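Undergrad: Here it is, the structure, as structure tokens.
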Amino acid sequence: MTVFQKNLTLLIVDNDVVNISTLTSLFAKKYSIEVAYDGKAALQSILLQDIDLVLSKVDAAIISGQELCSFVKGNRLTAHIPIVLLARNATSDEEEECLSIGAIDYIALNARPKTILFRVKNHMTMVAQQKRLAQVSCTDGLTGLANRMQLDTMLNKEWYAAVRGDQSIAILLIDIDNFKLFNDEFGHLEGDKCLKTVASIIAKSKRREGDFAARYGGEEFVLLLPFTDLEGAIQVADSLTSNIRNRNIKAAKGAHFPMVTISVGITAYVPKHHKGIINNPIDLLNNADKHLFKAKQNGRNCYSASEEY
């Protein structure tokens, strides 16, 4: 069992405390365990937490296992989660029905414990492999930060979370000053080293688990700060520009400063209707880009910010 697999989360859905105890003891050493005593509570867990596999009784309370499966598979945000259904009185007809609505497996509740263990373990192994592949496809190969594709996904996710919560969301668009001059003078190998160093400092500037750093392209980076107002975003930008400066990476001769510096464009606001205009996640990024341009006009090695929509 790899560390990656140990961090996977299994949601057990059952209203029988004896079954829950048996299943929990069966899987607790291998996975993180969440428990729901009925299908409604299971749905809430699935929507609010990072669940990797659901192990539910067919006759779960309030919302049945089949209904739970249909909902999960019908929602694009949860359709990737495999559902294993446990049957008290397993029949071929019920198995056919469960598999037809998207369940990945159907197991008799009175099966040998090791049979249940191995079948769930096999499905979890596939989940771990898929998560590793997804991580690779969403990671910038040079810097190790998220790539543009993953940024687009996270920006949409956090934007709509901010809409639902009526909370401010902030974004920092970061550009390494005079980077073309750096590459021309020191070569692309040193340029790559500089990119990785700056990316590392940006990654370390994240203050909370939900903060998200990505390489936007070339020498540009993005720091996405959910549930953060303009004042909080400015504090992060101020610290970040200082940390890059203090790293004392020698800049090219024609650069504005003797050491490598960055310019930062910042925007933060609560997404909502404003003067009859519906703003969207791209507006947030575009506004940060406008302020990045202003920071460069103001002499670089600084930030520009506003709460404009």
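Naming scheme: A, B, ... for chains in displayed order of the structure tokens; residues 1 onward per chain; ligands 1 onward as shown.
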Report as a list of chain:residue names all protein, DNA and RNA residues lying within 8 Å of stretch 49-51 of chain A, evaluated on only C-alpha atoms, omitting residues in the same chain fewer than 2 positions from it.
TA: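 After dropping sequence-adjacent residues, the list is A:Leu8, A:Thr9, A:Leu10, A:Leu11, A:Ser45, A:Ile46, A:Leu47, A:Leu53, A:Val54, A:Ile81.
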Undergrad: If we count only C-alpha atoms, what is near A:Lys193 at a cut-off of 10 Å, once residues fewer than 6 positions away on the same chain are taken out, given as a VMD selection string?
TA: chain A and resid 142 to 143 199
Undergrad: Excluding stretch 153-156 of chain A and any residue of its chain fewer than 4 positions from it, enumerate the residues within 7 Å of it, using only C-alpha atoms, and give them as a count of residues only.
TA: 3
Undergrad: Would you mind listing what lies within 8 Å of A:Ala162 as a ChimeraX atom specification, with only C-alpha atoms counted and same-chain residues fewer than 4 positions away left out?
TA: /A:158,166-169,226-227,270-271
Undergrad: So that I have them on file, write out the residues from the current selection with N, CA and C atoms, as a compact mmCIF listing (two decimals), in the first residue's frame.
TA:
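This went into part-v7.txt:
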```txt
# COMPACT_ATOMS: atom_id res chain seq x y z
N GLU A 158 -13.49 27.75 -7.62
CA GLU A 158 -13.43 28.70 -6.51
C GLU A 158 -14.31 29.92 -6.75
N ASP A 166 -21.01 34.14 -1.01
CA ASP A 166 -21.00 35.61 -0.98
C ASP A 166 -19.71 36.11 -0.34
N GLN A 167 -18.60 35.54 -0.79
CA GLN A 167 -17.28 35.85 -0.24
C GLN A 167 -16.36 36.41 -1.32
N SER A 168 -15.38 37.18 -0.89
CA SER A 168 -14.41 37.75 -1.83
C SER A 168 -13.43 36.68 -2.31
N ILE A 169 -13.03 36.79 -3.57
CA ILE A 169 -11.99 35.94 -4.13
C ILE A 169 -10.93 36.85 -4.75
N PRO A 226 -8.75 31.98 -2.59
CA PRO A 226 -10.18 31.95 -2.28
C PRO A 226 -10.47 32.63 -0.94
N PHE A 227 -11.67 33.19 -0.83
CA PHE A 227 -12.14 33.82 0.41
C PHE A 227 -11.10 34.81 0.97
N VAL A 270 -16.14 40.43 -4.38
CA VAL A 270 -17.19 39.44 -4.20
C VAL A 270 -17.94 39.31 -5.52
N PRO A 271 -17.93 38.15 -6.16
CA PRO A 271 -18.62 38.00 -7.45
C PRO A 271 -20.13 38.19 -7.28
```
Undergrad: At a cut-off of 8 Å, using only C-alpha atoms, what residues contact stretch 216-225 of chain A? Leave out same-chain residues fewer than 5 positions from it and give the result as number ranges by chain.
TA: A: 147-148, 151, 155, 169-176, 179, 195, 199, 202, 210-211, 233
Undergrad: Those residues with N, CA and C atoms, as a PDB file, in the first residue's frame please?
TA:
```pdb
ATOM      1  N   ASN A 147      -0.643  23.551 -14.046  1.00  0.00           N
ATOM      2  CA  ASN A 147      -0.560  24.167 -15.366  1.00  0.00           C
ATOM      3  C   ASN A 147      -1.822  24.973 -15.684  1.00  0.00           C
ATOM      4  N   ARG A 148      -1.863  25.534 -16.891  1.00  0.00           N
ATOM      5  CA  ARG A 148      -2.977  26.416 -17.263  1.00  0.00           C
ATOM      6  C   ARG A 148      -4.312  25.664 -17.254  1.00  0.00           C
ATOM      7  N   LEU A 151      -5.472  25.416 -13.764  1.00  0.00           N
ATOM      8  CA  LEU A 151      -5.847  26.754 -13.305  1.00  0.00           C
ATOM      9  C   LEU A 151      -7.272  27.078 -13.730  1.00  0.00           C
ATOM     10  N   LEU A 155     -10.093  27.901 -11.058  1.00  0.00           N
ATOM     11  CA  LEU A 155     -10.663  29.245 -11.076  1.00  0.00           C
ATOM     12  C   LEU A 155     -12.180  29.171 -11.133  1.00  0.00           C
ATOM     13  N   ILE A 169     -13.027  36.793  -3.566  1.00  0.00           N
ATOM     14  CA  ILE A 169     -11.987  35.939  -4.129  1.00  0.00           C
ATOM     15  C   ILE A 169     -10.928  36.854  -4.747  1.00  0.00           C
ATOM     16  N   ALA A 170      -9.668  36.485  -4.600  1.00  0.00           N
ATOM     17  CA  ALA A 170      -8.572  37.328  -5.082  1.00  0.00           C
ATOM     18  C   ALA A 170      -7.667  36.544  -6.016  1.00  0.00           C
ATOM     19  N   ILE A 171      -7.041  37.272  -6.937  1.00  0.00           N
ATOM     20  CA  ILE A 171      -6.090  36.646  -7.843  1.00  0.00           C
ATOM     21  C   ILE A 171      -4.894  37.570  -8.041  1.00  0.00           C
ATOM     22  N   LEU A 172      -3.706  36.971  -8.042  1.00  0.00           N
ATOM     23  CA  LEU A 172      -2.463  37.692  -8.314  1.00  0.00           C
ATOM     24  C   LEU A 172      -1.898  37.159  -9.619  1.00  0.00           C
ATOM     25  N   LEU A 173      -1.688  38.044 -10.576  1.00  0.00           N
ATOM     26  CA  LEU A 173      -1.024  37.681 -11.828  1.00  0.00           C
ATOM     27  C   LEU A 173       0.400  38.221 -11.745  1.00  0.00           C
ATOM     28  N   ILE A 174       1.371  37.326 -11.841  1.00  0.00           N
ATOM     29  CA  ILE A 174       2.770  37.623 -11.520  1.00  0.00           C
ATOM     30  C   ILE A 174       3.643  37.456 -12.764  1.00  0.00           C
ATOM     31  N   ASP A 175       4.502  38.422 -13.017  1.00  0.00           N
ATOM     32  CA  ASP A 175       5.392  38.356 -14.174  1.00  0.00           C
ATOM     33  C   ASP A 175       6.823  38.651 -13.727  1.00  0.00           C
ATOM     34  N   ILE A 176       7.769  37.832 -14.185  1.00  0.00           N
ATOM     35  CA  ILE A 176       9.183  38.085 -13.881  1.00  0.00           C
ATOM     36  C   ILE A 176       9.658  39.231 -14.764  1.00  0.00           C
ATOM     37  N   PHE A 179      12.515  39.262 -18.201  1.00  0.00           N
ATOM     38  CA  PHE A 179      12.963  37.870 -18.275  1.00  0.00           C
ATOM     39  C   PHE A 179      13.602  37.545 -19.624  1.00  0.00           C
ATOM     40  N   LEU A 195      13.150  30.346 -13.334  1.00  0.00           N
ATOM     41  CA  LEU A 195      11.711  30.068 -13.294  1.00  0.00           C
ATOM     42  C   LEU A 195      11.363  29.136 -12.134  1.00  0.00           C
ATOM     43  N   ALA A 199       9.070  30.030  -8.959  1.00  0.00           N
ATOM     44  CA  ALA A 199       7.896  29.180  -8.737  1.00  0.00           C
ATOM     45  C   ALA A 199       7.896  28.628  -7.311  1.00  0.00           C
ATOM     46  N   ILE A 202       6.831  31.344  -4.935  1.00  0.00           N
ATOM     47  CA  ILE A 202       5.385  31.563  -5.063  1.00  0.00           C
ATOM     48  C   ILE A 202       4.619  30.467  -4.336  1.00  0.00           C
ATOM     49  N   GLY A 210      -6.246  26.074   0.838  1.00  0.00           N
ATOM     50  CA  GLY A 210      -7.045  26.353  -0.350  1.00  0.00           C
ATOM     51  C   GLY A 210      -6.380  27.268  -1.359  1.00  0.00           C
ATOM     52  N   ASP A 211      -5.287  27.952  -0.982  1.00  0.00           N
ATOM     53  CA  ASP A 211      -4.588  28.828  -1.929  1.00  0.00           C
ATOM     54  C   ASP A 211      -3.984  27.981  -3.047  1.00  0.00           C
ATOM     55  N   ALA A 233      -4.930  40.104  -0.088  1.00  0.00           N
ATOM     56  CA  ALA A 233      -4.175  39.824  -1.311  1.00  0.00           C
ATOM     57  C   ALA A 233      -2.953  40.728  -1.421  1.00  0.00           C
TER      58      ALA A 233
END
```
Undergrad: Using only C-alpha atoms, pick whichever of A:Gly65, A:Ile116, A:Gly191, A:Asn280 has the shortest atom-to-atom distance to A:Lys157.
TA: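 Ranking A:Gly65, A:Ile116, A:Gly191, A:Asn280 by distance to A:Lys157, first place goes to A:Asn280.
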Undergrad: If you count only C-alpha atoms, which residues fall within 10 Å of A:Gly144, apart from same-chain ones fewer than 4 positions away, as a ChimeraX atom specification?
TA: /A:136,138-140,196,199-200,203,213-215
Undergrad: Please, could you write that set of residues out with C-alpha atoms as a compact mmCIF listing (two decimals), in the first residue's frame?
TA:
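Result file out17.txt:
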```txt
# COMPACT_ATOMS: atom_id res chain seq x y z
CA VAL A 136 0.73 14.56 -14.05
CA CYS A 138 -2.35 19.02 -14.58
CA THR A 139 1.24 19.83 -13.57
CA ASP A 140 3.73 22.09 -15.31
CA LYS A 196 11.90 27.14 -10.89
CA ALA A 199 7.90 29.18 -8.74
CA SER A 200 9.18 27.72 -5.46
CA ALA A 203 4.37 28.09 -3.85
CA ALA A 213 -0.45 28.48 -7.47
CA ALA A 214 -0.06 27.86 -11.21
CA ARG A 215 2.23 28.66 -14.09
```
Undergrad: Residues of stretch 7-243 of chain A classed as strand (DSSP E or B) by DSSP on the backbone are to be reported as an mmCIF file with N, CA and C atoms, in the first residue's frame.
TA:
```cif
data_model
loop_
_atom_site.group_PDB
_atom_site.id
_atom_site.type_symbol
_atom_site.label_atom_id
_atom_site.label_comp_id
_atom_site.auth_asym_id
_atom_site.auth_seq_id
_atom_site.Cartn_x
_atom_site.Cartn_y
_atom_site.Cartn_z
ATOM 1 N N THR A 9 -9.913 8.254 0.456
ATOM 2 C CA THR A 9 -11.014 8.278 1.411
ATOM 3 C C THR A 9 -12.173 7.400 0.946
ATOM 4 N N LEU A 10 -12.601 6.518 1.832
ATOM 5 C CA LEU A 10 -13.717 5.610 1.577
ATOM 6 C C LEU A 10 -14.910 6.066 2.411
ATOM 7 N N LEU A 11 -16.051 6.252 1.742
ATOM 8 C CA LEU A 11 -17.283 6.614 2.436
ATOM 9 C C LEU A 11 -18.153 5.370 2.578
ATOM 10 N N ILE A 12 -18.446 4.997 3.820
ATOM 11 C CA ILE A 12 -19.290 3.844 4.106
ATOM 12 C C ILE A 12 -20.700 4.347 4.439
ATOM 13 N N VAL A 13 -21.692 3.825 3.734
ATOM 14 C CA VAL A 13 -23.074 4.266 3.928
ATOM 15 C C VAL A 13 -23.896 3.086 4.441
ATOM 16 N N SER A 32 -8.594 6.391 4.644
ATOM 17 C CA SER A 32 -9.325 7.274 5.549
ATOM 18 C C SER A 32 -10.805 6.916 5.427
ATOM 19 N N ILE A 33 -11.498 6.860 6.543
ATOM 20 C CA ILE A 33 -12.887 6.400 6.538
ATOM 21 C C ILE A 33 -13.835 7.537 6.919
ATOM 22 N N GLU A 34 -14.885 7.708 6.126
ATOM 23 C CA GLU A 34 -16.011 8.573 6.460
ATOM 24 C C GLU A 34 -17.243 7.690 6.546
ATOM 25 N N VAL A 35 -18.166 8.038 7.447
ATOM 26 C CA VAL A 35 -19.371 7.232 7.637
ATOM 27 C C VAL A 35 -20.609 8.104 7.476
ATOM 28 N N ALA A 36 -21.601 7.590 6.756
ATOM 29 C CA ALA A 36 -22.912 8.236 6.648
ATOM 30 C C ALA A 36 -23.960 7.189 7.010
ATOM 31 N N LEU A 53 -14.190 6.777 -3.017
ATOM 32 C CA LEU A 53 -15.029 5.635 -3.356
ATOM 33 C C LEU A 53 -16.144 5.542 -2.328
ATOM 34 N N VAL A 54 -17.340 5.192 -2.797
ATOM 35 C CA VAL A 54 -18.495 5.038 -1.915
ATOM 36 C C VAL A 54 -18.857 3.562 -1.822
ATOM 37 N N LEU A 55 -18.980 3.084 -0.591
ATOM 38 C CA LEU A 55 -19.411 1.711 -0.327
ATOM 39 C C LEU A 55 -20.743 1.812 0.405
ATOM 40 N N SER A 56 -21.837 1.559 -0.321
ATOM 41 C CA SER A 56 -23.163 1.803 0.227
ATOM 42 C C SER A 56 -24.031 0.559 0.174
ATOM 43 N N LYS A 57 -24.847 0.402 1.209
ATOM 44 C CA LYS A 57 -25.868 -0.632 1.167
ATOM 45 C C LYS A 57 -26.911 -0.258 0.118
ATOM 46 N N ILE A 83 -18.933 3.833 -7.267
ATOM 47 C CA ILE A 83 -19.907 3.404 -6.269
ATOM 48 C C ILE A 83 -19.934 1.877 -6.219
ATOM 49 N N VAL A 84 -19.713 1.320 -5.041
ATOM 50 C CA VAL A 84 -19.844 -0.121 -4.820
ATOM 51 C C VAL A 84 -21.077 -0.327 -3.945
ATOM 52 N N LEU A 85 -22.005 -1.169 -4.405
ATOM 53 C CA LEU A 85 -23.243 -1.397 -3.666
ATOM 54 C C LEU A 85 -23.225 -2.763 -2.986
ATOM 55 N N LEU A 86 -23.618 -2.752 -1.721
ATOM 56 C CA LEU A 86 -23.685 -3.977 -0.921
ATOM 57 C C LEU A 86 -25.142 -4.402 -0.779
ATOM 58 N N ALA A 87 -25.437 -5.652 -1.097
ATOM 59 C CA ALA A 87 -26.815 -6.138 -1.073
ATOM 60 C C ALA A 87 -27.055 -7.093 0.087
ATOM 61 N N ASP A 105 -19.485 -1.962 -8.895
ATOM 62 C CA ASP A 105 -19.497 -3.325 -8.388
ATOM 63 C C ASP A 105 -20.741 -3.540 -7.539
ATOM 64 N N TYR A 106 -21.091 -4.794 -7.379
ATOM 65 C CA TYR A 106 -22.264 -5.206 -6.595
ATOM 66 C C TYR A 106 -21.833 -6.435 -5.811
ATOM 67 N N ILE A 107 -21.880 -6.344 -4.481
ATOM 68 C CA ILE A 107 -21.345 -7.408 -3.631
ATOM 69 C C ILE A 107 -22.390 -7.815 -2.605
ATOM 70 N N ALA A 108 -22.528 -9.107 -2.383
ATOM 71 C CA ALA A 108 -23.424 -9.594 -1.341
ATOM 72 C C ALA A 108 -22.861 -9.226 0.025
ATOM 73 N N THR A 139 0.047 19.224 -14.170
ATOM 74 C CA THR A 139 1.238 19.827 -13.569
ATOM 75 C C THR A 139 2.189 20.347 -14.639
ATOM 76 N N ALA A 146 0.845 23.834 -10.766
ATOM 77 C CA ALA A 146 -0.263 23.464 -11.649
ATOM 78 C C ALA A 146 -0.088 24.152 -12.996
ATOM 79 N N ILE A 169 -13.027 36.793 -3.566
ATOM 80 C CA ILE A 169 -11.987 35.939 -4.129
ATOM 81 C C ILE A 169 -10.928 36.854 -4.747
ATOM 82 N N ALA A 170 -9.668 36.485 -4.600
ATOM 83 C CA ALA A 170 -8.572 37.328 -5.082
ATOM 84 C C ALA A 170 -7.667 36.544 -6.016
ATOM 85 N N ILE A 171 -7.041 37.272 -6.937
ATOM 86 C CA ILE A 171 -6.090 36.646 -7.843
ATOM 87 C C ILE A 171 -4.894 37.570 -8.041
ATOM 88 N N LEU A 172 -3.706 36.971 -8.042
ATOM 89 C CA LEU A 172 -2.463 37.692 -8.314
ATOM 90 C C LEU A 172 -1.898 37.159 -9.619
ATOM 91 N N LEU A 173 -1.688 38.044 -10.576
ATOM 92 C CA LEU A 173 -1.024 37.681 -11.828
ATOM 93 C C LEU A 173 0.400 38.221 -11.745
ATOM 94 N N ILE A 174 1.371 37.326 -11.841
ATOM 95 C CA ILE A 174 2.770 37.623 -11.520
ATOM 96 C C ILE A 174 3.643 37.456 -12.764
ATOM 97 N N ASP A 175 4.502 38.422 -13.017
ATOM 98 C CA ASP A 175 5.392 38.356 -14.174
ATOM 99 C C ASP A 175 6.823 38.651 -13.727
ATOM 100 N N ILE A 176 7.769 37.832 -14.185
ATOM 101 C CA ILE A 176 9.183 38.085 -13.881
ATOM 102 C C ILE A 176 9.658 39.231 -14.764
ATOM 103 N N PHE A 212 -3.947 28.543 -4.256
ATOM 104 C CA PHE A 212 -3.605 27.740 -5.425
ATOM 105 C C PHE A 212 -2.623 28.497 -6.313
ATOM 106 N N ALA A 213 -1.490 27.867 -6.628
ATOM 107 C CA ALA A 213 -0.455 28.483 -7.473
ATOM 108 C C ALA A 213 -0.336 27.734 -8.787
ATOM 109 N N ALA A 214 -0.166 28.474 -9.882
ATOM 110 C CA ALA A 214 -0.056 27.856 -11.207
ATOM 111 C C ALA A 214 0.890 28.657 -12.090
ATOM 112 N N ARG A 215 1.481 27.975 -13.058
ATOM 113 C CA ARG A 215 2.231 28.664 -14.091
ATOM 114 C C ARG A 215 1.248 29.021 -15.191
ATOM 115 N N TYR A 216 1.148 30.306 -15.496
ATOM 116 C CA TYR A 216 0.171 30.796 -16.459
ATOM 117 C C TYR A 216 0.696 30.653 -17.880
ATOM 118 N N GLY A 217 2.001 30.713 -18.025
ATOM 119 C CA GLY A 217 2.622 30.604 -19.341
ATOM 120 C C GLY A 217 3.893 31.434 -19.384
ATOM 121 N N GLU A 220 5.050 33.969 -16.609
ATOM 122 C CA GLU A 220 3.914 34.460 -15.831
ATOM 123 C C GLU A 220 3.337 33.351 -14.943
ATOM 124 N N PHE A 221 2.930 33.764 -13.747
ATOM 125 C CA PHE A 221 2.352 32.841 -12.772
ATOM 126 C C PHE A 221 1.074 33.437 -12.205
ATOM 127 N N VAL A 222 0.242 32.577 -11.618
ATOM 128 C CA VAL A 222 -0.995 33.013 -10.978
ATOM 129 C C VAL A 222 -1.050 32.451 -9.564
ATOM 130 N N LEU A 223 -1.485 33.286 -8.646
ATOM 131 C CA LEU A 223 -1.771 32.839 -7.284
ATOM 132 C C LEU A 223 -3.243 33.149 -7.022
ATOM 133 N N LEU A 224 -4.033 32.099 -6.847
ATOM 134 C CA LEU A 224 -5.473 32.220 -6.625
ATOM 135 C C LEU A 224 -5.742 32.089 -5.133
ATOM 136 N N LEU A 225 -6.429 33.079 -4.557
ATOM 137 C CA LEU A 225 -6.647 33.126 -3.111
ATOM 138 C C LEU A 225 -8.142 33.149 -2.811
#
```
Undergrad: So the first atom is atom CA of A:Gly232 and the second is atom CA of A:Lys204; what is the distance between them in Å, to one decimal place?
TA: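 About the pair atom CA of A:Gly232 and atom CA of A:Lys204: they are 16.0 Å apart.
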Undergrad: Go through stretch 158-185 of chain A residue by residue and, counting only C-alpha atoms, keep those with an atom at most 7 Å from stretch 245-261 of chain A; for each kept residue give the shortest atom pair and its distance in Å to one decimal, ordered by chain and increasing number, as a Markdown table.
TA:
```
| residue | atom | partner | partner_atom | distance |
| --- | --- | --- | --- | --- |
| A:Ile176 | CA | A:Thr261 | CA | 6.2 |
| A:Asp177 | CA | A:Thr261 | CA | 5.6 |
| A:Asn178 | CA | A:Ala255 | CA | 5.7 |
| A:Leu181 | CA | A:Ala252 | CA | 5.8 |
| A:Phe182 | CA | A:Ala252 | CA | 4.9 |
| A:Glu185 | CA | A:Ala252 | CA | 6.2 |
```
Undergrad: In stretch 21-123 of chain A, what's helix (DSSP H, G or I) per DSSP? Answer as a PyMOL selection string?
TA: chain A and resi 21-27+39-48+65-74+92-100+113-123
Undergrad: Once you have the residues from the selection above, write them out as a tab-separated table (two decimals), in the first residue's frame, restricted to N, CA and C atoms.
TA:
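What ended up in out_14.tsv:
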```
chain	number	residue	atom	x	y	z
A	21	SER	N	-19.14	-1.00	11.96
A	21	SER	CA	-17.96	-1.38	12.74
A	21	SER	C	-17.13	-2.43	12.00
A	22	THR	N	-17.82	-3.40	11.41
A	22	THR	CA	-17.12	-4.47	10.69
A	22	THR	C	-16.37	-3.91	9.47
A	23	LEU	N	-17.07	-3.08	8.70
A	23	LEU	CA	-16.46	-2.53	7.48
A	23	LEU	C	-15.34	-1.55	7.82
A	24	THR	N	-15.55	-0.75	8.86
A	24	THR	CA	-14.52	0.21	9.27
A	24	THR	C	-13.24	-0.51	9.68
A	25	SER	N	-13.38	-1.56	10.49
A	25	SER	CA	-12.20	-2.31	10.92
A	25	SER	C	-11.51	-2.99	9.74
A	26	LEU	N	-12.29	-3.31	8.72
A	26	LEU	CA	-11.75	-3.99	7.54
A	26	LEU	C	-10.87	-3.04	6.71
A	27	PHE	N	-11.25	-1.75	6.67
A	27	PHE	CA	-10.58	-0.82	5.76
A	27	PHE	C	-9.76	0.28	6.44
A	39	GLY	N	-28.58	7.76	3.03
A	39	GLY	CA	-28.18	8.27	1.71
A	39	GLY	C	-28.13	9.78	1.63
A	40	LYS	N	-28.99	10.46	2.38
A	40	LYS	CA	-28.98	11.93	2.36
A	40	LYS	C	-27.69	12.47	2.95
A	41	ALA	N	-27.28	11.92	4.08
A	41	ALA	CA	-26.01	12.33	4.70
A	41	ALA	C	-24.84	11.99	3.79
A	42	ALA	N	-24.95	10.87	3.08
A	42	ALA	CA	-23.89	10.48	2.14
A	42	ALA	C	-23.74	11.50	1.03
A	43	LEU	N	-24.86	11.98	0.50
A	43	LEU	CA	-24.81	13.00	-0.55
A	43	LEU	C	-24.11	14.26	-0.07
A	44	GLN	N	-24.41	14.67	1.16
A	44	GLN	CA	-23.77	15.86	1.71
A	44	GLN	C	-22.26	15.66	1.82
A	45	SER	N	-21.85	14.48	2.27
A	45	SER	CA	-20.41	14.19	2.37
A	45	SER	C	-19.75	14.21	1.00
A	46	ILE	N	-20.40	13.63	0.02
A	46	ILE	CA	-19.84	13.56	-1.33
A	46	ILE	C	-19.67	14.96	-1.93
A	47	LEU	N	-20.63	15.83	-1.66
A	47	LEU	CA	-20.59	17.18	-2.24
A	47	LEU	C	-19.62	18.10	-1.50
A	48	LEU	N	-19.38	17.82	-0.23
A	48	LEU	CA	-18.56	18.73	0.58
A	48	LEU	C	-17.15	18.23	0.83
A	65	GLY	N	-29.37	3.15	-2.07
A	65	GLY	CA	-28.08	3.05	-2.75
A	65	GLY	C	-28.19	3.32	-4.24
A	66	GLN	N	-29.27	2.80	-4.87
A	66	GLN	CA	-29.45	3.04	-6.31
A	66	GLN	C	-29.70	4.51	-6.61
A	67	GLU	N	-30.51	5.17	-5.77
A	67	GLU	CA	-30.78	6.60	-5.96
A	67	GLU	C	-29.51	7.42	-5.76
A	68	LEU	N	-28.75	7.05	-4.76
A	68	LEU	CA	-27.47	7.72	-4.50
A	68	LEU	C	-26.55	7.57	-5.71
A	69	CYS	N	-26.47	6.37	-6.24
A	69	CYS	CA	-25.61	6.10	-7.39
A	69	CYS	C	-26.06	6.91	-8.60
A	70	SER	N	-27.36	6.97	-8.85
A	70	SER	CA	-27.89	7.72	-10.00
A	70	SER	C	-27.55	9.19	-9.89
A	71	PHE	N	-27.66	9.74	-8.67
A	71	PHE	CA	-27.35	11.16	-8.49
A	71	PHE	C	-25.87	11.42	-8.72
A	72	VAL	N	-25.02	10.60	-8.11
A	72	VAL	CA	-23.56	10.79	-8.23
A	72	VAL	C	-23.13	10.69	-9.68
A	73	LYS	N	-23.62	9.71	-10.40
A	73	LYS	CA	-23.22	9.50	-11.78
A	73	LYS	C	-23.84	10.53	-12.72
A	74	GLY	N	-24.93	11.16	-12.29
A	74	GLY	CA	-25.57	12.17	-13.13
A	74	GLY	C	-25.04	13.57	-12.94
A	92	SER	N	-29.63	-11.63	-9.04
A	92	SER	CA	-29.08	-11.31	-10.37
A	92	SER	C	-29.79	-10.11	-10.97
A	93	ASP	N	-31.11	-10.01	-10.75
A	93	ASP	CA	-31.86	-8.88	-11.31
A	93	ASP	C	-31.42	-7.57	-10.69
A	94	GLU	N	-31.23	-7.57	-9.36
A	94	GLU	CA	-30.80	-6.35	-8.68
A	94	GLU	C	-29.38	-5.98	-9.09
A	95	GLU	N	-28.53	-6.97	-9.23
A	95	GLU	CA	-27.16	-6.72	-9.68
A	95	GLU	C	-27.16	-6.06	-11.05
A	96	GLU	N	-27.99	-6.57	-11.95
A	96	GLU	CA	-28.09	-6.02	-13.30
A	96	GLU	C	-28.55	-4.57	-13.26
A	97	GLU	N	-29.54	-4.30	-12.39
A	97	GLU	CA	-30.07	-2.94	-12.26
A	97	GLU	C	-29.00	-1.98	-11.73
A	98	CYS	N	-28.27	-2.42	-10.70
A	98	CYS	CA	-27.25	-1.56	-10.09
A	98	CYS	C	-26.11	-1.25	-11.06
A	99	LEU	N	-25.68	-2.25	-11.79
A	99	LEU	CA	-24.60	-2.03	-12.76
A	99	LEU	C	-25.07	-1.15	-13.91
A	100	SER	N	-26.34	-1.24	-14.25
A	100	SER	CA	-26.86	-0.46	-15.38
A	100	SER	C	-26.92	1.03	-15.08
A	113	PRO	N	-15.42	-11.45	4.31
A	113	PRO	CA	-14.81	-10.13	4.49
A	113	PRO	C	-13.64	-9.86	3.55
A	114	LYS	N	-12.79	-10.87	3.35
A	114	LYS	CA	-11.64	-10.66	2.47
A	114	LYS	C	-12.05	-10.47	1.03
A	115	THR	N	-13.18	-11.06	0.62
A	115	THR	CA	-13.69	-10.85	-0.73
A	115	THR	C	-14.07	-9.39	-0.91
A	116	ILE	N	-14.78	-8.85	0.09
A	116	ILE	CA	-15.16	-7.43	0.04
A	116	ILE	C	-13.90	-6.56	0.06
A	117	LEU	N	-12.96	-6.91	0.93
A	117	LEU	CA	-11.72	-6.16	1.04
A	117	LEU	C	-10.97	-6.10	-0.28
A	118	PHE	N	-10.77	-7.25	-0.91
A	118	PHE	CA	-9.97	-7.30	-2.14
A	118	PHE	C	-10.68	-6.60	-3.30
A	119	ARG	N	-12.00	-6.71	-3.38
A	119	ARG	CA	-12.71	-6.08	-4.48
A	119	ARG	C	-12.66	-4.55	-4.35
A	120	VAL	N	-12.86	-4.06	-3.13
A	120	VAL	CA	-12.75	-2.62	-2.91
A	120	VAL	C	-11.31	-2.15	-3.13
A	121	LYS	N	-10.36	-2.93	-2.65
A	121	LYS	CA	-8.94	-2.59	-2.83
A	121	LYS	C	-8.59	-2.47	-4.31
A	122	ASN	N	-9.09	-3.39	-5.13
A	122	ASN	CA	-8.81	-3.34	-6.57
A	122	ASN	C	-9.37	-2.07	-7.20
A	123	HIS	N	-10.57	-1.68	-6.78
A	123	HIS	CA	-11.15	-0.44	-7.30
A	123	HIS	C	-10.36	0.78	-6.82
```
Undergrad: Between A:Asn110, A:Ser263, A:Asn7, A:Asn243, which has the minimum distance to A:Thr125 (counting only C-alpha atoms)?
TA: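 That would be A:Asn7, the residue with the smallest distance to A:Thr125.
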Undergrad: Can you work out the spacing between atom CA of A:Ala103 and atom CA of A:Ser64 in Å, to one decimal?
TA: 12.9 Å
Undergrad: Which residue out of A:Thr267, A:Asn183, A:Asn89, A:Asn287 has the minimum interatomic distance to A:Leu109 when only C-alpha atoms are used?
TA: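 Nearest to A:Leu109: A:Asn89.
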